[in-house]
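Accompanying notes for the structure given below.
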Amino acid sequence: MPAASVSSLEALGDQFALNAATERKRMLVIVNPYATTVSDRLRNLVVYALQGRYEVDAVDTEARDHATALTREAAGEGYDVVVAFGGDGTVNEAANGLRGSATPLTCLPGGSTNVYARMLGIPNDIVDATEHLLRIADDWRPREVHMAMVNERRFLFSSGLGLDASVVARVDAHPQLKRRFGPYYFAYAGFGEFLGKYVARAPRLEAIADGGAPLAGVTALVQKGDPYTYFRRIPIHAAQGATLTEPTLAGVMLRSTRPTVMPGVLYRLFSARAQLARHRQVDGFAGVRELVIRSTDGRAVPLHVDGDYIGDVTEAVYGVDEAPLHVVS
């Protein structure tokens, strides 16, 4: 970590302690010690800085779903806010424990992409993000959002079935390469999965949104918020009309992943103006409350939620969680 960042974090706590009001909100910081950019030293510096404005407790996660258990306990113990300090997987677990409670969630960027933190307006630099959390203590405005679900698994912002999820599965199988090379390893894995599985024999899928006519394709991207993800600083826009607050979903179905099709698809994903749903080989949908995507050739296909591979399925049933999640940023 750069020396300038270290000194900035050390100074933040002292700066805000001098200006702090009498009342301090209770904050639980849940840290994933294995996240891409998290270290013991950074953890301690962040906690020290946050103590300038909050009454802070911090705990490290020890296994999958540990963050969910910790946040459920935090809601029952009356914490004013829970901070998920890690990647999007940590944030997802924390959100699952807080849904339906009055305790709000917020984030600190510790992963390689930090999509949800950026969606909430939290800076992707750890020093700036810590300062942001210190400043909102005096402008406390929790708001209600909704999570989505697929096959009873809840997620915050995105899910994919097909090529996108195949890439996630391949990247998740090599965590050291993911940690070292970040988005570049995703790009490498994407080319490998595309050339190896989707050029010669892509899976066949169909999507039925709110009981409408089926949409045929080979890959589906489903969103609860926008953007779908980021490539470094570049937002990747797939579907139109996805929001965190509305109890609906949006998405796209790619009809083909032929080599002649994918350059245009990639251009629209990275473009700030061109919409993916207007591509001749893409069908888009928005304002959807129920969505079923199934394999029509009998093959199980990879499924991911919030950038975590969760298995191969022949059917994915999507909806929106009725229990609200409160966030503050």
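Going by the structure tokens order, chains are called A, B, ..., each with residues numbered from 1, while ligands are numbered from 1 in the order shown.
Residues lying within 8 Å of Val46 of chain A, counting only C-alpha atoms and ignoring same-chain neighbours fewer than 4 positions away, are Leu9, Leu42, Leu50 and Thr130 of chain A.
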Next on the checklist: Need to verify the contact set: Phe270 of chain A, 10 Å, only C-alpha atoms, exclusion of same-chain residues closer than 5 positions in sequence. Can you return it as a count of residues only?
Outcome noted: 10
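Using only C-alpha atoms, the contacts of segment 141-150 of chain A at a cut-off of 6 Å, with sequence neighbours closer than 3 positions omitted, comprise A:Arg153, A:Arg154, A:Phe155, A:Leu156, A:Leu244, A:Thr245, A:Val317, A:Tyr318, A:Gly319, A:Val320, A:Asp321, A:Pro324, A:Leu325, A:His326, A:Val327, A:Val328.
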Selected residues, N, CA and C atoms, written as a tab-separated table (two decimals), in the first residue's frame, please.
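Wrote selection-v4.tsv, looks like this:
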chain	number	residue	atom	x	y	z
A	153	ARG	N	-31.64	-18.45	-4.29
A	153	ARG	CA	-30.38	-17.80	-3.91
A	153	ARG	C	-30.53	-16.31	-4.19
A	154	ARG	N	-30.31	-15.48	-3.17
A	154	ARG	CA	-30.50	-14.03	-3.31
A	154	ARG	C	-29.22	-13.37	-3.83
A	155	PHE	N	-29.42	-12.33	-4.64
A	155	PHE	CA	-28.28	-11.57	-5.15
A	155	PHE	C	-28.63	-10.09	-5.21
A	156	LEU	N	-27.59	-9.27	-5.33
A	156	LEU	CA	-27.74	-7.82	-5.22
A	156	LEU	C	-27.88	-7.10	-6.55
A	244	LEU	N	-31.93	-0.57	-8.34
A	244	LEU	CA	-31.84	-1.23	-7.04
A	244	LEU	C	-33.14	-1.11	-6.25
A	245	THR	N	-33.89	-0.05	-6.50
A	245	THR	CA	-35.05	0.25	-5.66
A	245	THR	C	-36.34	-0.40	-6.13
A	317	VAL	N	-34.94	-20.03	-11.97
A	317	VAL	CA	-36.19	-19.31	-11.73
A	317	VAL	C	-35.87	-18.04	-10.94
A	318	TYR	N	-36.13	-16.90	-11.57
A	318	TYR	CA	-35.79	-15.60	-11.00
A	318	TYR	C	-37.01	-14.89	-10.44
A	319	GLY	N	-36.79	-14.09	-9.40
A	319	GLY	CA	-37.81	-13.23	-8.84
A	319	GLY	C	-37.16	-12.14	-8.01
A	320	VAL	N	-37.96	-11.39	-7.28
A	320	VAL	CA	-37.47	-10.31	-6.42
A	320	VAL	C	-37.85	-10.61	-4.98
A	321	ASP	N	-36.90	-10.45	-4.08
A	321	ASP	CA	-37.13	-10.71	-2.65
A	321	ASP	C	-38.09	-9.68	-2.09
A	324	PRO	N	-37.25	-6.16	2.37
A	324	PRO	CA	-36.36	-5.08	1.94
A	324	PRO	C	-34.98	-5.18	2.57
A	325	LEU	N	-34.03	-4.55	1.92
A	325	LEU	CA	-32.69	-4.36	2.46
A	325	LEU	C	-32.45	-2.87	2.59
A	326	HIS	N	-31.95	-2.44	3.74
A	326	HIS	CA	-31.64	-1.02	3.93
A	326	HIS	C	-30.14	-0.80	3.72
A	327	VAL	N	-29.82	0.25	2.99
A	327	VAL	CA	-28.43	0.61	2.72
A	327	VAL	C	-28.23	2.08	3.08
A	328	VAL	N	-26.99	2.43	3.37
A	328	VAL	CA	-26.65	3.82	3.63
A	328	VAL	C	-25.32	4.11	2.94
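The interatomic distance for the pair atom CA of Ile293 of chain A and atom CA of Thr68 of chain A works out to 27.5 Å.
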Next on the checklist: DSSP on the backbone: which residues in segment 115-288 of chain A end up as alpha helix (DSSP H)? Give the answer as a ChimeraX atom specification.
Outcome noted: /A:115-119,126-135,163-172,175-181,183-193,262-270
Next on the checklist: Residues within 12 Å of Glu315 of chain A, please, as a list of chain:residue names. Count only C-alpha atoms; anything in the same chain fewer than 6 positions from it doesn't count.
Outcome noted: A:Val150, A:Asn151, A:Leu161, A:Gly162, A:Arg204, A:Leu205, A:Glu206, A:Ala207, A:Ile208, A:Ala220, A:Leu291, A:Val292, A:Ile293, A:Arg294, A:Ser295, A:Thr296, A:Asp297, A:Gly298, A:Arg299, A:Ala300, A:Val301, A:Pro302, A:Leu303
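Using only C-alpha atoms, the residues found no farther than 8 Å from segment 91-93 of chain A, other than those of its own chain fewer than 5 positions away, are A:Asp65, A:His66, A:Ala67, A:Thr68, A:Ala84, A:Phe85, A:Gly86, A:Cys107, A:Tyr116, A:Phe155, A:Leu156, A:Asp306.
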Go ahead and write the residues just picked, all heavy atoms, as a compact mmCIF listing (two decimals), in the first residue's frame.
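And here is the file that came out, selection16.txt:
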# COMPACT_ATOMS: atom_id res chain seq x y z
N ASP A 65 -20.35 -18.04 3.99
CA ASP A 65 -21.60 -17.74 4.70
C ASP A 65 -21.38 -17.24 6.13
O ASP A 65 -22.36 -16.98 6.85
CB ASP A 65 -22.54 -18.95 4.72
CG ASP A 65 -23.01 -19.35 3.32
OD1 ASP A 65 -23.18 -18.45 2.48
OD2 ASP A 65 -23.18 -20.56 3.06
N HIS A 66 -20.12 -17.09 6.55
CA HIS A 66 -19.87 -16.56 7.89
C HIS A 66 -20.37 -15.13 8.01
O HIS A 66 -20.93 -14.73 9.04
CB HIS A 66 -18.38 -16.63 8.21
CG HIS A 66 -18.06 -16.34 9.64
ND1 HIS A 66 -16.79 -15.98 10.07
CD2 HIS A 66 -18.83 -16.32 10.76
CE1 HIS A 66 -16.82 -15.76 11.37
NE2 HIS A 66 -18.03 -15.97 11.81
N ALA A 67 -20.20 -14.34 6.94
CA ALA A 67 -20.66 -12.94 6.98
C ALA A 67 -22.17 -12.87 7.18
O ALA A 67 -22.68 -11.96 7.85
CB ALA A 67 -20.26 -12.22 5.69
N THR A 68 -22.92 -13.82 6.61
CA THR A 68 -24.38 -13.83 6.79
C THR A 68 -24.74 -14.05 8.25
O THR A 68 -25.60 -13.36 8.80
CB THR A 68 -25.00 -14.94 5.91
OG1 THR A 68 -24.68 -14.69 4.54
CG2 THR A 68 -26.52 -14.95 6.06
N ALA A 84 -19.47 -4.03 5.05
CA ALA A 84 -18.86 -5.19 4.42
C ALA A 84 -17.57 -4.74 3.75
O ALA A 84 -17.60 -4.00 2.78
CB ALA A 84 -19.80 -5.80 3.39
N PHE A 85 -16.44 -5.18 4.29
CA PHE A 85 -15.12 -4.79 3.78
C PHE A 85 -14.52 -6.01 3.08
O PHE A 85 -13.95 -6.89 3.69
CB PHE A 85 -14.24 -4.32 4.93
CG PHE A 85 -12.89 -3.79 4.53
CD1 PHE A 85 -12.59 -3.48 3.21
CD2 PHE A 85 -11.90 -3.59 5.48
CE1 PHE A 85 -11.35 -2.99 2.85
CE2 PHE A 85 -10.64 -3.10 5.14
CZ PHE A 85 -10.37 -2.81 3.80
N GLY A 86 -14.70 -6.06 1.77
CA GLY A 86 -14.24 -7.18 0.97
C GLY A 86 -14.74 -7.00 -0.45
O GLY A 86 -15.02 -5.88 -0.88
N CYS A 107 -20.54 -0.38 2.47
CA CYS A 107 -19.41 -1.16 1.97
C CYS A 107 -18.11 -0.36 2.01
O CYS A 107 -18.12 0.87 1.98
CB CYS A 107 -19.63 -1.58 0.50
SG CYS A 107 -21.26 -2.13 0.06
N TYR A 116 -21.04 -3.41 -6.26
CA TYR A 116 -22.14 -2.87 -5.46
C TYR A 116 -21.73 -1.60 -4.72
O TYR A 116 -22.53 -0.66 -4.62
CB TYR A 116 -22.64 -3.92 -4.47
CG TYR A 116 -24.05 -3.65 -3.99
CD1 TYR A 116 -25.11 -3.73 -4.88
CD2 TYR A 116 -24.32 -3.33 -2.67
CE1 TYR A 116 -26.41 -3.48 -4.46
CE2 TYR A 116 -25.61 -3.09 -2.24
CZ TYR A 116 -26.67 -3.17 -3.14
OH TYR A 116 -27.95 -2.92 -2.72
N PHE A 155 -29.42 -12.33 -4.64
CA PHE A 155 -28.28 -11.57 -5.15
C PHE A 155 -28.63 -10.09 -5.21
O PHE A 155 -29.80 -9.70 -5.19
CB PHE A 155 -27.79 -12.12 -6.49
CG PHE A 155 -28.77 -12.00 -7.64
CD1 PHE A 155 -28.72 -10.93 -8.51
CD2 PHE A 155 -29.70 -13.00 -7.87
CE1 PHE A 155 -29.60 -10.84 -9.58
CE2 PHE A 155 -30.58 -12.92 -8.95
CZ PHE A 155 -30.52 -11.83 -9.81
N LEU A 156 -27.59 -9.27 -5.33
CA LEU A 156 -27.74 -7.82 -5.22
C LEU A 156 -27.88 -7.10 -6.55
O LEU A 156 -28.66 -6.17 -6.67
CB LEU A 156 -26.53 -7.23 -4.48
CG LEU A 156 -26.45 -7.52 -2.98
CD1 LEU A 156 -25.04 -7.27 -2.46
CD2 LEU A 156 -27.46 -6.67 -2.23
N ASP A 306 -23.85 -12.21 -8.63
CA ASP A 306 -22.92 -11.19 -8.12
C ASP A 306 -21.46 -11.59 -8.31
O ASP A 306 -20.61 -11.34 -7.45
CB ASP A 306 -23.20 -10.91 -6.64
CG ASP A 306 -24.53 -10.21 -6.42
OD1 ASP A 306 -25.08 -9.66 -7.39
OD2 ASP A 306 -25.03 -10.23 -5.28
Checklist outcome for this item: One decimal place gives the atom CA of Val288 of chain A-atom CA of Gln223 of chain A separation as 10.4 Å
Item to check | strand (DSSP E or B) per DSSP on the backbone: members of segment 75-276 of chain A, as a PyMOL selection string | outcome: chain A and resi 81-86+105-109+143-145+148-150+153-155+158-161+205-209+215-217+219-223+229-231+234-236+249-254
Checklist outcome for this item: One decimal place gives the atom CA of Glu73 of chain A-atom CA of Arg43 of chain A separation as 21.3 Å
Checklist entry - Of the candidates A:Gln51, A:Ser39, A:Asn32, A:Thr229, which one gets nearest to Ala137 of chain A if we count only C-alpha atoms? => result A:Gln51
Item to check | For Leu12 of chain A: contacts at 10 Å, only C-alpha atoms, fewer than 4 positions along chain excluded, given as a ChimeraX atom specification | outcome: /A:7-8,16-17,45-46,48-53,127,130-131,134
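Residues in contact range of segment 98-103 of chain A, defined as at most 7 Å between only C-alpha atoms, with sequence neighbours fewer than 2 positions away removed, read Thr71, Arg72, Ala75, Tyr79, Asp80, Val81, Ala94, Ala95, Asn96, Leu105, Ala323, Pro324, Leu325 and His326 of chain A.
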Can I get the selection written as a short mmCIF file (atom, residue, chain, number, x, y, z; two decimals), in the first residue's frame, with N, CA, C and O atoms?
data_model
loop_
_atom_site.label_atom_id
_atom_site.label_comp_id
_atom_site.auth_asym_id
_atom_site.auth_seq_id
_atom_site.Cartn_x
_atom_site.Cartn_y
_atom_site.Cartn_z
N THR A 71 -23.89 -10.84 10.31
CA THR A 71 -24.80 -9.70 10.14
C THR A 71 -26.15 -9.96 10.79
O THR A 71 -26.79 -9.03 11.29
N ARG A 72 -26.59 -11.20 10.79
CA ARG A 72 -27.84 -11.51 11.50
C ARG A 72 -27.68 -11.21 12.99
O ARG A 72 -28.58 -10.65 13.63
N ALA A 75 -27.70 -7.38 13.55
CA ALA A 75 -29.04 -6.80 13.52
C ALA A 75 -29.77 -7.05 14.84
O ALA A 75 -30.45 -6.16 15.37
N TYR A 79 -26.81 -2.97 16.29
CA TYR A 79 -25.82 -2.12 15.61
C TYR A 79 -26.55 -1.13 14.69
O TYR A 79 -27.57 -1.45 14.08
N ASP A 80 -25.99 0.05 14.58
CA ASP A 80 -26.58 1.08 13.72
C ASP A 80 -26.24 0.88 12.25
O ASP A 80 -26.97 1.35 11.37
N VAL A 81 -25.14 0.20 11.97
CA VAL A 81 -24.72 -0.02 10.58
C VAL A 81 -23.72 -1.17 10.54
O VAL A 81 -22.97 -1.39 11.50
N ALA A 94 -23.26 -10.46 3.46
CA ALA A 94 -23.70 -9.52 4.49
C ALA A 94 -25.14 -9.08 4.26
O ALA A 94 -25.95 -8.99 5.20
N ALA A 95 -25.48 -8.81 3.01
CA ALA A 95 -26.83 -8.39 2.67
C ALA A 95 -27.85 -9.47 3.00
O ALA A 95 -28.95 -9.18 3.48
N ASN A 96 -27.48 -10.73 2.76
CA ASN A 96 -28.40 -11.83 3.05
C ASN A 96 -28.73 -11.91 4.54
O ASN A 96 -29.82 -12.33 4.91
N LEU A 105 -26.84 -1.58 5.60
CA LEU A 105 -25.57 -2.09 5.10
C LEU A 105 -24.84 -0.99 4.34
O LEU A 105 -25.46 -0.17 3.66
N ALA A 323 -38.65 -9.12 1.15
CA ALA A 323 -38.08 -8.47 2.33
C ALA A 323 -37.10 -7.39 1.90
O ALA A 323 -36.19 -7.65 1.11
N PRO A 324 -37.25 -6.16 2.37
CA PRO A 324 -36.36 -5.08 1.94
C PRO A 324 -34.98 -5.18 2.57
O PRO A 324 -34.79 -5.82 3.60
N LEU A 325 -34.03 -4.55 1.92
CA LEU A 325 -32.69 -4.36 2.46
C LEU A 325 -32.45 -2.87 2.59
O LEU A 325 -32.76 -2.11 1.67
N HIS A 326 -31.95 -2.44 3.74
CA HIS A 326 -31.64 -1.02 3.93
C HIS A 326 -30.14 -0.80 3.72
O HIS A 326 -29.32 -1.58 4.18
#
Checklist entry - Using only C-alpha atoms, which residue out of A:Gly264, A:Gly182, A:Gly241, A:Gly97 lies closest to Ala69 of chain A? => result A:Gly97
